[in-house]
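Asks: Right, I'll just put the structure down here and ask away after.
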Amino acid sequence: MSELVTGVALTIDRDVALDNQRGALEHLASLLRAEAAAVDDEVFPVRGLAVLRSAGLMGLLVPRENGGLGGGLSELALAGRMLGRGCVSTALIWAMHCQQVAVIATYAGPQLRERLLPAIAAGDLYIASVTSEAGSGQITSVQSPLLRTKGSELKITRDAPVVTGGAHADAFLITMRRDVETTPEDVVLVYADRHQLDVQTKGVWRTMGVRGTQSGPLHLAGVVPDTNIIDPPRGFPRAAASLMIPAGHVAWASAWLGGAEGALREVISALKDPHQRRRLRKIDDLAAERIARIRIMIDIVDSFLRSYVSDYATVYAREGVDGDTLHGTAFNIRTNNLKVVASEMAFSAVTRLVELAGLSMGYQRGAPLERTFRDLRSAALMYSNDRLLVASGKLALFETKVEPFIWQLNGADASEGR
């Protein structure tokens, strides 16, 4: 991590398309890879996050006029993929932060935006997501209510069983019930700086993989001004479906895809290295067939991710983020499918790589393959695939057009032109 030691940090150029800065992203990934083993030992990646702060990537989704890179989901997917090649845990921490930034940049009030967005772009704020609640499987339903104190302040008391990086976050974006009189489905978001809260850890994070995310339970209590409320104009459930969940799933899928690609690179490099090849199986027809199938899995995730991001951009350009299409049945199914396909295929690809590499390389503790295998095993469990599949199955009963999503959009264009 010499760049950090010497103070010479790599910066992403705001005036150059991110797609043309892959060399810089590759270098960032190599820096994350250098500390990935330490992160796997349950160490939060403070140094890795410092690299991303100084590079400007914490402000990837912050508009240019606020000092950020002005990126969208396409740039989010590219950066997440490249960072995932270095360290899946660090990439997921960054991904969750970017999800919160997307919400703030889109829905926060003018006063909050003006205060937060430049600080995020400068790398001064790492924001953790507080959306989980014991006994609830939905981010759009919260039991804990906001309490109004005298004047214009809001009292927060919130327990969350899973908060990625919560013990290290500079700030939090928290889902809360609007007040004691409303239903749990009347949800708003509340931003809180760390110094405004009493943050207590309520357990330890001892997991098989993604150990460095340090996603343990927290108890949060404090008081914030009412200007810290983020209340999307058409309600939080619509904002979650049209922005928060899509951004999260794109970022997650990208990190997992990058992890699988990094693992494939490791194995292919070893197979081509005469000093390592003797530890591996012979490159026979069976090995070639396995490599081909692994590449197919990676390409499937890549294709789904690209088409999803492209479809989202098409709808966004036409309707904006609050239009009906992004909240519709077909797009909800597509969003769920992205997460399920990416999580299952990326893990399957790494599983086959372990089989290909064999005991000497694929099943040794401390080897890159072993770490990535454990990290990607968590993918199906993060907002459980079972839950998403049940939801999609029920939604599909109301979806009469069993055809590609983009066909439905083009069909709408055709009908509008008649």
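To be explicit about the labels: the chains of the structure tokens are called A, B, and onward in the order shown, and within each one the residues are counted from 1, while ligands get numbers from 1 in the order they are shown.
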Excluding same-chain residues fewer than 3 positions from Leu197 of chain A, what lies within 10 Å of it counting only C-alpha atoms, as an MDAnalysis selection string?
Replies: chainID A and resid 155:157 171:172 192:194 200 219:224
Asks: For the selection just defined, write its residues with N, CA and C atoms to a file, as a short mmCIF file (atom, residue, chain, number, x, y, z; two decimals), in the first residue's frame.
Replies:
data_model
loop_
_atom_site.label_atom_id
_atom_site.label_comp_id
_atom_site.auth_asym_id
_atom_site.auth_seq_id
_atom_site.Cartn_x
_atom_site.Cartn_y
_atom_site.Cartn_z
N LYS A 155 -36.16 12.41 17.25
CA LYS A 155 -35.45 11.45 18.09
C LYS A 155 -35.46 10.09 17.40
N ILE A 156 -34.26 9.52 17.27
CA ILE A 156 -34.09 8.21 16.63
C ILE A 156 -33.72 7.18 17.67
N THR A 157 -34.44 6.06 17.69
CA THR A 157 -34.03 4.89 18.45
C THR A 157 -34.23 3.69 17.52
N ALA A 171 -21.37 8.20 8.87
CA ALA A 171 -22.77 8.63 8.90
C ALA A 171 -23.66 7.45 8.56
N PHE A 172 -24.97 7.64 8.73
CA PHE A 172 -25.93 6.57 8.50
C PHE A 172 -27.14 7.10 7.76
N ALA A 192 -28.14 10.70 9.46
CA ALA A 192 -27.55 11.09 10.75
C ALA A 192 -26.04 11.00 10.67
N ASP A 193 -25.37 12.09 11.06
CA ASP A 193 -23.92 12.04 11.24
C ASP A 193 -23.61 11.19 12.46
N ARG A 194 -22.45 10.58 12.46
CA ARG A 194 -22.10 9.71 13.58
C ARG A 194 -22.11 10.46 14.91
N GLN A 200 -23.90 1.82 19.39
CA GLN A 200 -23.46 0.70 20.22
C GLN A 200 -23.49 -0.59 19.41
N HIS A 219 -27.11 -0.76 17.79
CA HIS A 219 -28.19 0.03 18.39
C HIS A 219 -27.83 1.49 18.20
N LEU A 220 -28.75 2.25 17.61
CA LEU A 220 -28.53 3.66 17.33
C LEU A 220 -29.56 4.49 18.08
N ALA A 221 -29.10 5.57 18.71
CA ALA A 221 -30.00 6.48 19.41
C ALA A 221 -29.43 7.88 19.33
N GLY A 222 -30.30 8.85 19.05
CA GLY A 222 -29.83 10.23 18.97
C GLY A 222 -30.92 11.17 18.48
N VAL A 223 -30.53 12.42 18.29
CA VAL A 223 -31.46 13.47 17.87
C VAL A 223 -30.86 14.18 16.66
N VAL A 224 -31.70 14.40 15.63
CA VAL A 224 -31.26 15.10 14.42
C VAL A 224 -32.29 16.16 14.06
#
Asks: Considering only C-alpha atoms, state which residue in the set A:Arg85, A:Arg371, A:Lys401, A:Arg238 is at the smallest distance from Gly328 of chain A.
Replies: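 When distances to Gly328 of chain A are compared using only C-alpha atoms, the smallest one comes from A:Arg238.
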Asks: Give the answer as one residue: which of A:Thr182, A:Thr201, A:Ser89, A:Ser74 has the shortest atom-to-atom distance to Leu60 of chain A, using only C-alpha atoms?
Replies: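 Residue with the minimum atom-to-atom distance to Leu60 of chain A: A:Ser74.
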Asks: Of the candidates A:Met382, A:Leu61, A:Ile406, A:Ala330, which one gets nearest to Lys394 of chain A if we count only C-alpha atoms?
Replies: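 So, comparing all the options, the nearest one is A:Ala330.
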Asks: Tell me, as a PyMOL selection string, which residues lie within 12 Å of Ile139 of chain A, counting only C-alpha atoms; anything in the same chain fewer than 2 positions away does not count.
Replies: chain A and resi 129-137+141-143+160+174-177+184-189+236-241+244-245+383
Asks: Would you save the residues from that selection as a JSON list (two decimals), in the first residue's frame, using C-alpha atoms?
Replies:
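As written to disk, again_35.json reads:
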[["chain", "number", "residue", "atom", "x", "y", "z"],
["A", 129, "SER", "CA", -27.14, 1.65, 5.35],
["A", 130, "VAL", "CA", -29.56, 0.88, 8.19],
["A", 131, "THR", "CA", -32.53, -0.90, 6.62],
["A", 132, "SER", "CA", -32.68, -4.25, 8.42],
["A", 133, "GLU", "CA", -34.92, -4.91, 11.42],
["A", 134, "ALA", "CA", -35.35, -8.04, 13.50],
["A", 135, "GLY", "CA", -38.43, -9.99, 12.47],
["A", 136, "SER", "CA", -38.89, -8.08, 9.22],
["A", 137, "GLY", "CA", -37.86, -9.28, 5.79],
["A", 141, "SER", "CA", -41.71, -1.93, 6.56],
["A", 142, "VAL", "CA", -40.25, -0.61, 9.83],
["A", 143, "GLN", "CA", -41.61, -0.82, 13.37],
["A", 160, "ALA", "CA", -30.61, -3.27, 13.25],
["A", 174, "ILE", "CA", -31.77, 4.95, 8.35],
["A", 175, "THR", "CA", -35.24, 3.70, 7.50],
["A", 176, "MET", "CA", -37.78, 4.78, 10.14],
["A", 177, "ARG", "CA", -41.53, 4.66, 10.59],
["A", 184, "PRO", "CA", -45.02, 0.31, 9.67],
["A", 185, "GLU", "CA", -45.36, 0.68, 5.89],
["A", 186, "ASP", "CA", -45.22, 4.49, 6.10],
["A", 187, "VAL", "CA", -41.42, 4.66, 5.91],
["A", 188, "VAL", "CA", -39.08, 7.63, 5.59],
["A", 189, "LEU", "CA", -35.30, 7.83, 5.47],
["A", 236, "PHE", "CA", -40.39, 5.32, -0.02],
["A", 237, "PRO", "CA", -41.65, 2.00, -1.49],
["A", 238, "ARG", "CA", -41.60, 3.48, -4.99],
["A", 239, "ALA", "CA", -38.18, 5.04, -4.43],
["A", 240, "ALA", "CA", -36.88, 1.72, -3.15],
["A", 241, "ALA", "CA", -38.19, -0.16, -6.20],
["A", 244, "MET", "CA", -32.47, 2.10, -4.06],
["A", 245, "ILE", "CA", -32.86, -1.60, -4.87],
["A", 383, "TYR", "CA", -31.39, -10.32, 0.87]]
Asks: Between A:Ser269, A:Ser343, A:Ser378, A:Thr372, single out the one closest to Gly86 of chain A, counting only C-alpha atoms.
Replies: A:Thr372
Asks: Have a look at atom CA of His249 of chain A and atom CA of Ile333 of chain A and let me know their distance in Å, one decimal.
Replies: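 Spanning atom CA of His249 of chain A to atom CA of Ile333 of chain A is a straight-line distance of 12.4 Å.
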Asks: Step one, run DSSP on the backbone; step two, keep only residues of segment 176-226 of chain A assigned to strand (DSSP E or B); then write them as number ranges by chain.
Replies: A: 176-177, 187-193, 197-201, 218-225
Asks: Skipping near chain neighbours, those fewer than 2 positions away, what residues fall within 6 Å of Ala121 of chain A using only C-alpha atoms, listed as a PyMOL selection string?
Replies: chain A and resi 59+67-68+118-119+123
Asks: Have a look at A:Trp205, A:Phe347, A:Phe331, A:Tyr312 and name the one nearest to Val163 of chain A; count only C-alpha atoms.
Replies: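 The closest residue to Val163 of chain A is A:Trp205.
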Asks: So, with only C-alpha atoms as the atoms that count, which of A:Val199, A:Leu154, A:Val43, A:Val62 lies closest to Thr106 of chain A?
Replies: A:Val62
Asks: Which residues come within 10 Å of Asp299 of chain A, counting only C-alpha atoms, excluding same-chain residues fewer than 5 positions away, as a list in words?
Replies: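 My reading of the contact set: Leu257, Glu261, Arg293, Ile294, Phe304, Leu305, Met345 and Ala346 of chain A.
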Asks: Would you output that residue set with C-alpha atoms, as a PDB file, in the first residue's frame?
Replies:
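Wrote again.pdb, looks like this:
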ATOM      1  CA  LEU A 257     -18.871 -10.728 -11.075  1.00  0.00           C
ATOM      2  CA  GLU A 261     -13.381 -12.860 -12.906  1.00  0.00           C
ATOM      3  CA  ARG A 293     -18.365 -23.527 -18.864  1.00  0.00           C
ATOM      4  CA  ILE A 294     -16.901 -21.173 -16.267  1.00  0.00           C
ATOM      5  CA  PHE A 304     -27.589  -9.742 -17.853  1.00  0.00           C
ATOM      6  CA  LEU A 305     -25.907  -6.899 -15.987  1.00  0.00           C
ATOM      7  CA  MET A 345     -23.790 -17.892 -11.431  1.00  0.00           C
ATOM      8  CA  ALA A 346     -20.784 -16.116  -9.917  1.00  0.00           C
TER       9      ALA A 346
END
Asks: For the atom pair atom CA of Ala91 of chain A and atom CA of Arg377 of chain A, what is the interatomic distance in Å to one decimal place?
Replies: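 Answer for the atom CA of Ala91 of chain A to atom CA of Arg377 of chain A separation: 15.3 Å.
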